[in-house]
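This report refers to the structure that appears directly beneath it.
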Amino acid sequence: MTDVAKARTSYRQTINMATNAAAGASTITDYYSSELNQSVMSGKLRDSTTGVYKARALYAYDANPDDPNEISIAKDEVMLVIDDSGKWWQVKKDDGTVGIAPSNYITRILS
């Protein structure tokens, strides 16, 4: 198994454990469609301590079509980083799409 595949598997396992406990969801897909997650994504539960910030893609990344959690990003695309723990960051694009992308492809935008 490659390092990327191991990181994806580890990330999925971590997310599944956390979301199952937090939202009572049976899968990560259930979590993404849950009312709790929709509130977080819409900003209803955000506050200044959540650490959400803008970032820019350093490189283009094409999501793995076999992984519905991954998101494709274009070079220089600006997005919000929702979760920057681990090697795969959860991001929200301007069009509202949410998914994970490799952290080494993304850099924080300093104001």
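Ordering of the structure tokens sets the chain letters (A, B, ...), residue numbers begin anew at 1 in every chain, and ligands are numbered from 1 in the order given.
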So that I can check the surroundings of A:Pro102, please list as a list in words every protein, DNA and RNA residue that reaches within 8 Å of it, counting only C-alpha atoms and ignoring chain neighbours fewer than 4 positions away. Lys87, Trp88, Trp89 and Ile106 of chain A
Please identify the strand (DSSP E) residues within stretch 69-109 of chain A (assignment by DSSP from backbone atoms) and present them as an MDAnalysis selection string. chainID A and resid 78:83 88:93 98:102 106:108
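The shortest atom-to-atom distance to A:Asp76, with only C-alpha atoms taken into account, belongs to A:Thr107 out of A:Gln90, A:Thr97, A:Asn64, A:Thr107.
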Could you tell me how far atom CA of A:Asp94 lies from atom CA of A:Asp66, in Å and to one decimal?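 About the pair atom CA of A:Asp94 and atom CA of A:Asp66: they are 23.3 Å apart.
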Select, from A:Ala63, A:Val91, A:Ala57, A:Val98, the residue with the minimum atom-to-atom distance to A:Lys75, counting only C-alpha atoms.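 Checking each of A:Ala63, A:Val91, A:Ala57, A:Val98 against A:Lys75, counting only C-alpha atoms, the winner is A:Ala57.
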So what do you get for atom CA of A:Asp83 versus atom CA of A:Pro65, distance-wise?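 Going from atom CA of A:Asp83 over to atom CA of A:Pro65 covers 21.7 Å.
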